[in-house]
Amino acid sequence: MLGSRWFRLLRIALLLITLFVVSMNAWLSSARIQSWNRPVWVVLYPINADGRTDTQAYINALSVEHFEEIELFLQRESTRYKLALTPVAKVYLSTPLSATPPEVTSTEGVLGSIIWSLKMRWWSWRNDNWQGPEPDVRIYLRYFSPRVNQVLSHSLGLQKGMIGLVNGFASVDYIATNNFVIAHELMHTFGASDKYNLDTNEPVYPDGFADPQQQPLLPQTRAEVMGGRVKVSPGWLLMPRSLEDVVVGDKTAEEIGW
Ligand SMILES: [Zn+2]
């Protein structure tokens with residue numbers, strides 16, 4: 001009787017300690033990033049998600065220059081918010097990973113996503129192949145062949161854990177789109193929230209608009225990074241062509257401490 005009660009108490013204590021350590025870590029890393037007193041180190045890890053040879057050929061040809069746009073975007077936008085830090089971020093490319101991250105299941109609700117995020121952090125810790133200095137943010141790039149007709153599942157950015165999971169097509173035609181998705185998930189890890197309607201993909205007014213004060217309001221020509229789409233006219237949304245057509249809006253800037 002006494003034994004089983006002790007066991008239960010011990011389990012609860014262990015769980016509380018784990019939760020405490022996890023949340024302290026998250027709090028510390030986001031506080032460190034949000035103070036913006038040194039460049040954020042971002043490491044990208046390419047993964048062949050469909051096991052195809054054309055996907056692998058694309059991954060083998062990747063170099064860090066393909067992601068340069070992300071650094072330029074962060075520099076341009078942070079300068080606009082008078083952040084005096086150059087560079088504001090350094091993006092590195094790790095060697096391809098052969099392990100695949102835990103599957104995301106969207107049907108499991110809040111508990112499911114907490115469990116996934118813990119699994120993801122554990123997986124990330126076990127499979128790190130980066131040889132350089134300890135990254136602040138790790139982004140896993142799951143590449144799929146564009147020759148297979150498919151809709152990619154949602155990409156994710158975890159602020160608690162400083163991890164992003166990006167699904168993208170393995171083709172030079174998608175470099176700009178992939179970089180935009182990477183920038184969006186990166187902003188999540190910095191503490192930014194989504195600014196679009198998750199059911200309709202419509203950017204939310206005013207925070208999800210690049211130019212909310214524009215008269216007339218439509219057509220918008222640029223996207224807000226967390227709004228995700230350029231609203232051209234009612235019912236017509238476009239992906240931005242590249243990060244050149246993307247801005248960090250006031251609300252997002254405030255959330256990430258710019
Ligand atoms: Zn998002």
# chains A, B, ... in the order shown; residues from 1 in each chain; ligands from 1
call {"tool": "residues_near_ligand", "arguments": {"ligand": "ligand 1", "cutoff": "8 Å", "atoms": "only C-alpha atoms and all ligand atoms", "output": "VMD selection string"}}
result
chain A and resid 155 to 157 184 to 185 188 193 to 195 226
call {"tool": "residues_around", "arguments": {"residues": "Asn37 (chain A)", "least_positions_apart": "3", "cutoff": "12 Å", "atoms": "only C-alpha atoms", "output": "VMD selection string"}}
result
chain A and resid 31 to 34 40 83 to 89 257 to 258
call {"tool": "select_by_dssp", "arguments": {"residues": "region 27-80 of chain A", "states": "strand (DSSP E)", "output": "ChimeraX atom specification"}}
result
/A:40-48
call {"tool": "atom_distance", "arguments": {"atom1": "CA of Ala49 (chain A)", "atom2": "CA of Gly227 (chain A)"}}
result
26.9 Å
call {"tool": "residues_around", "arguments": {"residues": "Gln131 (chain A)", "least_positions_apart": "4", "cutoff": "12 Å", "atoms": "only C-alpha atoms", "output": "PDB file with N, CA and C atoms, in the first residue's frame"}}
result
ATOM      1  N   VAL A  43      21.356  26.650 -37.739  1.00  0.00           N
ATOM      2  CA  VAL A  43      21.899  25.552 -38.533  1.00  0.00           C
ATOM      3  C   VAL A  43      20.754  24.832 -39.249  1.00  0.00           C
ATOM      4  N   TYR A  45      19.551  21.576 -41.482  1.00  0.00           N
ATOM      5  CA  TYR A  45      19.878  20.160 -41.690  1.00  0.00           C
ATOM      6  C   TYR A  45      18.990  19.597 -42.803  1.00  0.00           C
ATOM      7  N   TYR A  92      23.998  28.493 -41.259  1.00  0.00           N
ATOM      8  CA  TYR A  92      24.947  27.452 -41.642  1.00  0.00           C
ATOM      9  C   TYR A  92      24.199  26.246 -42.190  1.00  0.00           C
ATOM     10  N   LEU A  93      24.892  25.491 -43.033  1.00  0.00           N
ATOM     11  CA  LEU A  93      24.292  24.284 -43.594  1.00  0.00           C
ATOM     12  C   LEU A  93      25.068  23.071 -43.098  1.00  0.00           C
ATOM     13  N   SER A  94      24.372  22.159 -42.461  1.00  0.00           N
ATOM     14  CA  SER A  94      25.030  20.943 -41.992  1.00  0.00           C
ATOM     15  C   SER A  94      25.025  19.890 -43.094  1.00  0.00           C
ATOM     16  N   THR A  95      25.737  18.797 -42.869  1.00  0.00           N
ATOM     17  CA  THR A  95      25.696  17.700 -43.842  1.00  0.00           C
ATOM     18  C   THR A  95      24.332  17.008 -43.728  1.00  0.00           C
ATOM     19  N   PRO A 135      24.403  25.569 -32.076  1.00  0.00           N
ATOM     20  CA  PRO A 135      23.430  26.478 -32.710  1.00  0.00           C
ATOM     21  C   PRO A 135      22.404  27.010 -31.707  1.00  0.00           C
TER      22      PRO A 135
END
call {"tool": "atom_distance", "arguments": {"atom1": "CA of Tyr143 (chain A)", "atom2": "CA of Phe169 (chain A)"}}
result
5.4 Å
call {"tool": "closest_residue", "arguments": {"among": "A:Glu65, A:Val21, A:Tyr58, A:Pro96", "to": "Trp130 (chain A)", "atoms": "only C-alpha atoms"}}
result
A:Pro96
call {"tool": "closest_residue", "arguments": {"among": "A:Leu237, A:Val225, A:Trp41, A:Arg138", "to": "Thr200 (chain A)", "atoms": "only C-alpha atoms"}}
result
A:Leu237
call {"tool": "residues_around", "arguments": {"residues": "Val172 (chain A)", "least_positions_apart": "5", "cutoff": "10 Å", "atoms": "only C-alpha atoms", "output": "PDB file with C-alpha atoms, in the first residue's frame"}}
result
ATOM      1  CA  TYR A  58      19.367  18.007 -55.200  1.00  0.00           C
ATOM      2  CA  LEU A  62      23.003  22.342 -51.918  1.00  0.00           C
ATOM      3  CA  HIS A  66      21.215  28.891 -51.513  1.00  0.00           C
ATOM      4  CA  THR A 177       9.551  29.591 -51.548  1.00  0.00           C
ATOM      5  CA  ASN A 178      11.564  27.300 -49.283  1.00  0.00           C
TER       6      ASN A 178
END
call {"tool": "closest_residue", "arguments": {"among": "A:Val91, A:Leu97, A:Leu111, A:Ile70", "to": "Ile47 (chain A)", "atoms": "only C-alpha atoms"}}
result
A:Leu97
call {"tool": "residues_around", "arguments": {"residues": "Val104 (chain A)", "least_positions_apart": "4", "cutoff": "9 Å", "atoms": "only C-alpha atoms", "output": "list in words"}}
result
Gly112, Ser113, Trp116 and Ser153 of chain A
call {"tool": "write_last_selection", "arguments": {"atoms": "N, CA and C atoms", "output": "PDB file, in the first residue's frame"}}
result
ATOM      1  N   GLY A 112      -1.193  15.852 -27.800  1.00  0.00           N
ATOM      2  CA  GLY A 112      -0.447  15.269 -28.910  1.00  0.00           C
ATOM      3  C   GLY A 112       0.686  16.170 -29.354  1.00  0.00           C
ATOM      4  N   SER A 113       0.417  17.478 -29.412  1.00  0.00           N
ATOM      5  CA  SER A 113       1.482  18.364 -29.891  1.00  0.00           C
ATOM      6  C   SER A 113       2.570  18.553 -28.838  1.00  0.00           C
ATOM      7  N   TRP A 116       4.595  15.424 -29.208  1.00  0.00           N
ATOM      8  CA  TRP A 116       5.417  15.506 -30.419  1.00  0.00           C
ATOM      9  C   TRP A 116       6.612  16.430 -30.193  1.00  0.00           C
ATOM     10  N   SER A 153       2.856  18.561 -46.145  1.00  0.00           N
ATOM     11  CA  SER A 153       2.202  18.875 -44.873  1.00  0.00           C
ATOM     12  C   SER A 153       2.793  20.162 -44.294  1.00  0.00           C
TER      13      SER A 153
END
call {"tool": "closest_residue", "arguments": {"among": "A:Met239, A:Arg121, A:Leu152, A:Ser78", "to": "Glu254 (chain A)", "atoms": "only C-alpha atoms"}}
result
A:Ser78
call {"tool": "closest_residue", "arguments": {"among": "A:Arg222, A:Arg5, A:Lys160, A:Arg11", "to": "Leu118 (chain A)", "atoms": "only C-alpha atoms"}}
result
A:Lys160
call {"tool": "decode", "arguments": {"residues": "region 116-195 of chain A", "atoms": "C-alpha atoms", "output": "mmCIF file, in the first residue's frame"}}
result
data_model
loop_
_atom_site.group_PDB
_atom_site.id
_atom_site.type_symbol
_atom_site.label_atom_id
_atom_site.label_comp_id
_atom_site.auth_asym_id
_atom_site.auth_seq_id
_atom_site.Cartn_x
_atom_site.Cartn_y
_atom_site.Cartn_z
ATOM 1 C CA TRP A 116 5.417 15.506 -30.419
ATOM 2 C CA SER A 117 7.459 18.527 -29.371
ATOM 3 C CA LEU A 118 9.172 16.507 -26.615
ATOM 4 C CA LYS A 119 9.859 13.645 -29.042
ATOM 5 C CA MET A 120 11.196 16.136 -31.578
ATOM 6 C CA ARG A 121 13.621 17.665 -29.067
ATOM 7 C CA TRP A 122 14.825 14.234 -28.010
ATOM 8 C CA TRP A 123 15.262 13.225 -31.664
ATOM 9 C CA SER A 124 17.100 16.464 -32.417
ATOM 10 C CA TRP A 125 19.477 15.941 -29.515
ATOM 11 C CA ARG A 126 20.190 12.318 -30.548
ATOM 12 C CA ASN A 127 20.734 13.032 -34.252
ATOM 13 C CA ASP A 128 22.740 16.235 -34.277
ATOM 14 C CA ASN A 129 25.575 15.980 -36.833
ATOM 15 C CA TRP A 130 26.673 19.618 -36.735
ATOM 16 C CA GLN A 131 30.408 20.007 -36.130
ATOM 17 C CA GLY A 132 30.542 23.742 -35.464
ATOM 18 C CA PRO A 133 29.576 25.902 -32.476
ATOM 19 C CA GLU A 134 26.341 25.085 -30.627
ATOM 20 C CA PRO A 135 23.430 26.478 -32.710
ATOM 21 C CA ASP A 136 20.732 28.702 -31.220
ATOM 22 C CA VAL A 137 18.145 27.391 -33.656
ATOM 23 C CA ARG A 138 18.012 24.119 -35.588
ATOM 24 C CA ILE A 139 15.897 23.904 -38.716
ATOM 25 C CA TYR A 140 15.278 20.526 -40.302
ATOM 26 C CA LEU A 141 14.582 20.697 -44.028
ATOM 27 C CA ARG A 142 12.563 17.732 -45.246
ATOM 28 C CA TYR A 143 12.905 17.625 -49.026
ATOM 29 C CA PHE A 144 10.452 15.933 -51.369
ATOM 30 C CA SER A 145 10.740 15.422 -55.109
ATOM 31 C CA PRO A 146 8.559 17.842 -57.125
ATOM 32 C CA ARG A 147 8.126 15.030 -59.699
ATOM 33 C CA VAL A 148 5.740 13.255 -57.358
ATOM 34 C CA ASN A 149 2.378 14.963 -57.174
ATOM 35 C CA GLN A 150 1.736 15.704 -53.556
ATOM 36 C CA VAL A 151 0.625 18.321 -51.102
ATOM 37 C CA LEU A 152 3.268 18.956 -48.492
ATOM 38 C CA SER A 153 2.202 18.875 -44.873
ATOM 39 C CA HIS A 154 2.538 21.949 -42.682
ATOM 40 C CA SER A 155 5.918 23.206 -41.609
ATOM 41 C CA LEU A 156 6.412 23.980 -37.941
ATOM 42 C CA GLY A 157 8.476 26.198 -35.691
ATOM 43 C CA LEU A 158 8.752 25.521 -31.984
ATOM 44 C CA GLN A 159 9.715 28.478 -29.846
ATOM 45 C CA LYS A 160 10.118 26.158 -26.896
ATOM 46 C CA GLY A 161 12.961 24.025 -28.134
ATOM 47 C CA MET A 162 14.262 26.398 -30.805
ATOM 48 C CA ILE A 163 13.508 23.879 -33.524
ATOM 49 C CA GLY A 164 11.863 24.253 -36.905
ATOM 50 C CA LEU A 165 10.642 21.577 -39.281
ATOM 51 C CA VAL A 166 10.254 22.719 -42.870
ATOM 52 C CA ASN A 167 8.784 20.657 -45.710
ATOM 53 C CA GLY A 168 9.928 21.746 -49.148
ATOM 54 C CA PHE A 169 10.358 20.655 -52.743
ATOM 55 C CA ALA A 170 13.803 19.573 -53.899
ATOM 56 C CA SER A 171 14.150 21.885 -56.889
ATOM 57 C CA VAL A 172 15.860 25.165 -57.761
ATOM 58 C CA ASP A 173 12.392 26.452 -58.748
ATOM 59 C CA TYR A 174 11.402 26.271 -55.089
ATOM 60 C CA ILE A 175 14.476 27.854 -53.483
ATOM 61 C CA ALA A 176 12.716 31.198 -52.967
ATOM 62 C CA THR A 177 9.551 29.591 -51.548
ATOM 63 C CA ASN A 178 11.564 27.300 -49.283
ATOM 64 C CA ASN A 179 13.544 30.282 -47.992
ATOM 65 C CA PHE A 180 10.330 32.102 -47.221
ATOM 66 C CA VAL A 181 8.989 29.109 -45.267
ATOM 67 C CA ILE A 182 12.308 28.804 -43.407
ATOM 68 C CA ALA A 183 12.146 32.512 -42.483
ATOM 69 C CA HIS A 184 8.559 32.094 -41.241
ATOM 70 C CA GLU A 185 9.408 29.104 -39.019
ATOM 71 C CA LEU A 186 12.556 30.858 -37.813
ATOM 72 C CA MET A 187 10.400 33.786 -36.687
ATOM 73 C CA HIS A 188 8.267 31.319 -34.697
ATOM 74 C CA THR A 189 11.337 30.114 -32.841
ATOM 75 C CA PHE A 190 12.133 33.788 -32.049
ATOM 76 C CA GLY A 191 8.650 34.125 -30.514
ATOM 77 C CA ALA A 192 6.449 35.392 -33.372
ATOM 78 C CA SER A 193 2.861 34.193 -33.746
ATOM 79 C CA ASP A 194 0.936 33.346 -36.904
ATOM 80 C CA LYS A 195 -1.035 36.216 -38.435
#
